[in-house]
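Participant: Quick one: structure below, then a few questions.
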There are 2 protein chains.
Amino acid sequence: MNLKELAELLNLSQTTVSRALNGYPEVSDATRKRVLAAAEAHGYRPNMRARSLATGRAMAIGHVIPVSSTHEMLNPVFTDFLAGASEVYSRRGYDMLISTVADEDQEAAYRELKTKGSVDGLIVHAPRLGDKRVHLLNEIGLPFVVHGRASDAIEPYCWVDMNNTHAFRRATDLLLDLGHRRIALINGMEDMDFTIRRRAGFEEAYAARGLSPDPALIFTDEMTEGFGHDTARTCLALSDPPSAFLVSSIIPSIGVRRAIEELGLRMGRDISVITHDDDLSYLRNRADVPVFTATRSSVREAGRRSAEMLLRLVETPGSGPCQELLEADLILGQSTGPLTKSD
Amino acid sequence: MNLKELAELLNLSQTTVSRALNGYPEVSDATRKRVLAAAEAHGYRPNMRARSLATGRAMAIGHVIPVSSTHEMLNPVFTDFLAGASEVYSRRGYDMLISTVADEDQEAAYRELKTKGSVDGLIVHAPRLGDKRVHLLNEIGLPFVVHGRASDAIEPYCWVDMNNTHAFRRATDLLLDLGHRRIALINGMEDMDFTIRRRAGFEEAYAARGLSPDPALIFTDEMTEGFGHDTARTCLALSDPPSAFLVSSIIPSIGVRRAIEELGLRMGRDISVITHDDDLSYLRNRADVPVFTATRSSVREAGRRSAEMLLRLVETPGSGPCQELLEADLILGQSTGPLTKSD
DNA sequence: GAACTCATCCAAAGCGTTTTGAATAGACCA
DNA sequence: TGGTCTATTCAAAACGCTTTGGATGAGTTC
């Protein structure tokens with residue numbers, strides 16, 4: 001059932017039917033009711049492709065996921081972000097289009113998204129140092145919101161980010177307050193913007209006390225459980241092991257915990273751990289006293305906020321570049337305790 | 001730059017330019033070269049919406065994710081499935097469209113996907129007992145592949161599934177061989193098809209030895225870390241606790257391990273655990289001797305297979321209903337050992 | 001040289017919407 | 001009565017592509 005058929009059925013023009021359905025005022029109440037009833041009865045749904053072609057709006061938002069051999073963006077954290085964003089999209093009638101793109105053909109992919117016209121805007125994921133996407137997208141003229149920040153971008157742009165620096169500053173402060181001095185930082189991929197900010201917060205806390213962290217205890221890689229485990233094992237085998245770990249995600253933290261327990265140690269007593277906690281729905285760190293002391297900030301909420309900001313941008317173009325900085329809570333759990341002198 | 005402009009620029013008709021670009025034979029080599037060069041030079045990309053409208057092909061595959069208040073499909077397992085599928089899509093020029101839909105308006109959503117014409121086919125996720133989607137989609141006439149099986153569907157349909165029953169039969173056999181008799185089954189949501197099959201395999205193994213499992217030791221819920229943990233705690237506090245756990249996913253297994261270790265027990269020595277392992281990229285259970293003894297079957301691979309099957313279906317309609325049953329490997333890890341009599 | 005092929009190209013008709021620019025008819029006013 | 005509004009409706013153009021059904025002219029065949 002398409003518009004033409006529906007119109008013929010009603011003995012009306014396509015124009016009138018279209019206007020009736022889309023809530024335009026120049027249609028009498030009587031015919032509008034008649035049209036709506038008929039549309040409902042015959043299960044008429046406008047064809048999106050035709051509508052898009054006519055209006056120039058795709059009613060879809062793109063999420064481009066860079067994939068490289070070394071790096072896999074489709075992780076559980078990303079999933080929760082998507083879940084949040086998709087709540088907003090579906091409420092507002094938008095679809096979510098995901099395309100994974102090899103790192104090297106990023107530029108072509110973005111240009112294509114624009115000219116192909118399959119999306120009205122997009123979310124930029126995982127900004128890195130020297131990220132060219134902000135510039136590129138501004139040039140292309142496709143509305144976008146960055147999840148995170150592209151620190152070295154010159155031009156203004158929209159973003160939603162967590163206050164990584166502050167969160168990690170506070171977490172480090174807590175560990176230092178507890179007497180820890182040798183703290184290992186298990187961080188994300190080296191050139192990711194959030195990795196850099198978290199490290200900055202970590203170093204800032206040391207610096208504020210006239211101290212400085214041991215660079216040999218700073219590790220960066222993709223945040224898998226295995227990375228957390230292996231790094232912790234390595235650290236704990238050192239002649240001068242760290243007494244605490246600060247970890248960038250709950251996933252490697254699970255690995256850290258595993259390593260600690262393998263060695264017969266107890267988290268919170270023998271070794272302190274603070275993790276960043278994205279509040280993932282399948283890996284919750286919630287209890288009366290949570291397992292991990294954590295800087296918590298829901299990535300799902302970040303997804304919601306990003307999506308809302310983007311839709312605002314898409315629907316009212318020219319609404320200036322806006323930013324949103326989310327603060328993380330510092331949640332006390334069972335995984336931290338005072339430094340126990342072993343000498 | 002659209003087709004018309006490009007055609008004018010070349011002093012050719014739109015027809016010829018279109019044919020040249022799409023590789024039709026009735027174009028001379030000379031003009032084809034000229035057209036391709038000009039298209040390249042001016043960065044021409046056909047507008048997908050217009051092309052879709054003309055061809056009737058959307059070049060997109062839909063993934064509908066049912067969401068309910070009680071149940072959250074967007075989990076790490078699902079993410080890995082998507083990662084696999086999206087590899088295939090992007091290689092073949094398809095987009096991936098994700099829409100989350102409230103459980104209650106499933107039917108409307110599927111019908112709409114068809115009439116809106118935004119996808120060429122779709123993947124059905126998380127089939128349940130009494131799932132009406134197979135029937136519905138057959139009626140609607142949208143190509144689809146089910147990830148899993150809709151056991152009570154009468155009509156034929158395409159699916160890609162793991163041999164859940166066999167895998168859990170084998171895992172249970174192993175535990176029984178090791179002397180375990182009281183085995184707790186920590187399973188997925190009750191009405192999920194895979195949950196039912198896994199339970200069937202579990203019971204089958206008992207039955208084959210003239211035994212039967214304790215129904216009080218069978219648990220079903222959403223497979224979060226917390227569920228695994230809490231269930232294991234409950235079990236281990238019983239006066240007659242299980243000596244082994246069979247767990248439906250690595251995520252609750254991490255919780256089970258946590259519970260075991262909280263009690264000062266050791267996995268593999270005091271308590272045996274076998275988990276199903278979807279081989280998630282961020283939660284790998286791989287090492288010389290993996291942490292968990294597991295039935296392993298890559299869900300990412302399942303994603304790839306499903307996507308390939310669906311595209312085949314979309315591109316050559318009428319290619320009969322096909323099925324693919326993947327077998328899981330039974331991988332021996334550190335988490336299993338013989339029953340140690342405590343009396 | 002007429003008839004027929006074949007290779008190459010084109011104009012125009014779709015695809016299913018929205019939107020523009022008019023047309024129609026009744027109400028209202030002088 | 002004639003003229004102006006206003007409310008309602010419509011036919012047709014537009015969106016940017018693919019595809020149908022010719023048209024054209026050169027080459028082949030008898």
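In the structure tokens, each chain is lettered A, B, ... as it comes, each chain's residues begin at 1, and ligands are numbered from 1 in order of appearance.
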What are the closest atom pairs, with distances in Å to one decimal, for each residue of chain C lying within 10 Å of stretch 3-13 of chain D, using only C-alpha atoms (C1' of nucleotides), rows by chain and rising residue number, as CSV?

Facilitator:
residue,atom,partner,partner_atom,distance
C:DT19,C1',D:DA13,C1',8.7
C:DT20,C1',D:DA13,C1',7.7
C:DG21,C1',D:DA12,C1',9.4
C:DA22,C1',D:DC10,C1',8.4
C:DA23,C1',D:DC10,C1',7.5
C:DT24,C1',D:DT9,C1',7.8
C:DA25,C1',D:DT8,C1',8.7
C:DG26,C1',D:DA7,C1',8.8
C:DA27,C1',D:DT6,C1',8.1
C:DC28,C1',D:DC5,C1',7.7
C:DC29,C1',D:DT4,C1',8.1
C:DA30,C1',D:DG3,C1',9.1

Participant: Keeping only N, CA and C atoms (P, O5', C5', C4', C3', O3' and C1' of nucleotides), write the selected residues as a CSV table (one decimal), in the first residue's frame.

Facilitator:
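Writing done, so here's result.csv:
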chain,number,residue,atom,x,y,z
C,19,DT,P,8.1,18.8,2.6
C,19,DT,O5',7.9,19.7,1.4
C,19,DT,C5',8.8,19.6,0.3
C,19,DT,C4',8.3,20.5,-0.9
C,19,DT,C3',7.5,21.8,-0.4
C,19,DT,O3',7.9,22.8,-1.3
C,19,DT,C1',6.2,20.5,-1.9
C,20,DT,P,7.8,24.3,-0.8
C,20,DT,O5',7.6,25.1,-2.2
C,20,DT,C5',8.2,24.5,-3.4
C,20,DT,C4',7.3,24.7,-4.6
C,20,DT,C3',6.5,26.1,-4.6
C,20,DT,O3',6.7,26.7,-5.9
C,20,DT,C1',5.0,24.3,-5.0
C,21,DG,P,6.5,28.2,-6.0
C,21,DG,O5',5.2,28.3,-7.0
C,21,DG,C5',5.1,27.3,-8.0
C,21,DG,C4',3.7,27.2,-8.5
C,21,DG,C3',2.9,28.6,-8.4
C,21,DG,O3',2.0,28.7,-9.5
C,21,DG,C1',1.7,27.0,-7.2
C,22,DA,P,1.5,30.1,-9.9
C,22,DA,O5',0.0,29.9,-10.0
C,22,DA,C5',-0.6,28.8,-9.2
C,22,DA,C4',-1.5,27.9,-10.0
C,22,DA,C3',-2.8,28.6,-10.3
C,22,DA,O3',-3.5,27.9,-11.3
C,22,DA,C1',-3.0,27.0,-8.5
C,23,DA,P,-4.8,28.6,-11.9
C,23,DA,O5',-6.0,27.7,-11.3
C,23,DA,C5',-6.1,26.3,-11.7
C,23,DA,C4',-7.1,25.6,-10.8
C,23,DA,C3',-8.5,26.3,-10.9
C,23,DA,O3',-9.5,25.3,-11.2
C,23,DA,C1',-7.8,26.1,-8.6
C,24,DT,P,-10.9,25.7,-11.6
C,24,DT,O5',-11.8,25.4,-10.4
C,24,DT,C5',-11.7,24.2,-9.7
C,24,DT,C4',-12.4,24.3,-8.3
C,24,DT,C3',-13.7,25.0,-8.3
C,24,DT,O3',-14.7,24.1,-7.9
C,24,DT,C1',-12.3,25.7,-6.5
C,25,DA,P,-16.2,24.4,-8.2
C,25,DA,O5',-16.7,24.8,-6.7
C,25,DA,C5',-16.3,23.9,-5.7
C,25,DA,C4',-16.5,24.6,-4.4
C,25,DA,C3',-17.8,25.4,-4.3
C,25,DA,O3',-18.5,25.1,-3.1
C,25,DA,C1',-16.1,26.8,-3.7
C,26,DG,P,-20.1,25.2,-3.0
C,26,DG,O5',-20.3,25.9,-1.6
C,26,DG,C5',-19.5,25.4,-0.5
C,26,DG,C4',-19.1,26.6,0.4
C,26,DG,C3',-20.2,27.5,0.8
C,26,DG,O3',-20.3,27.5,2.2
C,26,DG,C1',-18.3,28.7,0.0
C,27,DA,P,-21.2,28.5,3.0
C,27,DA,O5',-20.3,29.6,3.4
C,27,DA,C5',-19.1,29.3,4.2
C,27,DA,C4',-18.5,30.6,4.7
C,27,DA,C3',-19.5,31.6,5.3
C,27,DA,O3',-18.9,32.3,6.4
C,27,DA,C1',-18.5,32.6,3.4
C,28,DC,P,-19.6,33.2,7.3
C,28,DC,O5',-19.1,34.6,6.8
C,28,DC,C5',-17.7,34.9,6.7
C,28,DC,C4',-17.6,36.2,6.0
C,28,DC,C3',-18.5,37.3,6.5
C,28,DC,O3',-17.7,38.4,7.0
C,28,DC,C1',-18.4,37.3,4.1
C,29,DC,P,-18.3,39.6,7.7
C,29,DC,O5',-18.2,40.8,6.6
C,29,DC,C5',-17.0,41.0,5.9
C,29,DC,C4',-17.2,41.9,4.8
C,29,DC,C3',-18.1,43.1,5.1
C,29,DC,O3',-17.4,44.3,5.0
C,29,DC,C1',-18.7,42.1,3.0
C,30,DA,P,-18.0,45.6,5.5
C,30,DA,O5',-18.5,46.3,4.1
C,30,DA,C5',-17.5,46.5,3.1
C,30,DA,C4',-18.2,46.9,1.8
C,30,DA,C3',-19.1,48.1,1.9
C,30,DA,O3',-18.8,49.1,1.0
C,30,DA,C1',-20.2,46.3,0.9

Participant: Determine which residues of chain A sit within 7 Å of chain D, taking into account only C-alpha atoms (C1' of nucleotides), and present them as JSON, numbers by chain.

Facilitator: {"A": [13, 16, 26, 27, 28, 53, 54]}

Participant: Would you put the residues from that selection into a file with C-alpha atoms, as a JSON list (two decimals), in the first residue's frame?

Facilitator:
[["chain", "number", "residue", "atom", "x", "y", "z"],
["A", 13, "SER", "CA", -5.07, 13.61, -4.11],
["A", 16, "THR", "CA", -3.96, 15.98, 0.64],
["A", 26, "GLU", "CA", -4.54, 23.04, 5.47],
["A", 27, "VAL", "CA", -6.65, 19.91, 5.73],
["A", 28, "SER", "CA", -10.13, 19.79, 7.14],
["A", 53, "LEU", "CA", 14.79, 11.47, -1.25],
["A", 54, "ALA", "CA", 12.06, 14.06, -1.18]]

Participant: Report as JSON, numbers by chain the set of chain B residues whose atoms approach chain A to within 7 Å, with distances computed over only C-alpha atoms.

Facilitator: {"B": [45, 46, 47, 48, 49, 50, 52, 53, 74, 75, 76, 79, 83, 86, 90, 95, 96, 97, 98, 99, 100, 112, 115, 116, 117, 118, 224, 225, 226, 282, 283, 284]}

Participant: With a distance cut-off of 8 Å and only C-alpha atoms (C1' of nucleotides), select the neighbouring residues of stretch 153-155 of chain B, excluding the residue or stretch itself and same-chain residues fewer than 3 positions from it, and output the selection as a JSON list (two decimals) with N, CA and C atoms, in the first residue's frame.

Facilitator:
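The resulting file, part-v5.json, is reproduced below:
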[["chain", "number", "residue", "atom", "x", "y", "z"],
["B", 130, "GLY", "N", 8.02, -20.12, 21.84],
["B", 130, "GLY", "CA", 6.78, -19.49, 21.39],
["B", 130, "GLY", "C", 7.02, -18.22, 20.61],
["B", 131, "ASP", "N", 8.18, -18.15, 19.98],
["B", 131, "ASP", "CA", 8.52, -16.94, 19.24],
["B", 131, "ASP", "C", 7.66, -16.85, 17.98],
["B", 132, "LYS", "N", 7.01, -15.72, 17.80],
["B", 132, "LYS", "CA", 6.13, -15.58, 16.64],
["B", 132, "LYS", "C", 6.83, -14.94, 15.46],
["B", 134, "VAL", "N", 9.22, -15.87, 13.39],
["B", 134, "VAL", "CA", 9.43, -16.64, 12.17],
["B", 134, "VAL", "C", 8.17, -16.59, 11.31],
["B", 135, "HIS", "N", 7.07, -16.86, 11.93],
["B", 135, "HIS", "CA", 5.81, -16.81, 11.20],
["B", 135, "HIS", "C", 5.57, -15.42, 10.63],
["B", 150, "ALA", "N", 14.21, -21.24, 16.45],
["B", 150, "ALA", "CA", 12.89, -21.01, 17.02],
["B", 150, "ALA", "C", 12.20, -22.37, 17.02]]

Participant: Please report the interatomic distance between atom CA of A:Val299 and atom CA of A:Gly84 in Å with one decimal.

Facilitator: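 Taking atom CA of A:Val299 as the start and atom CA of A:Gly84 as the end point, the length is 7.9 Å.
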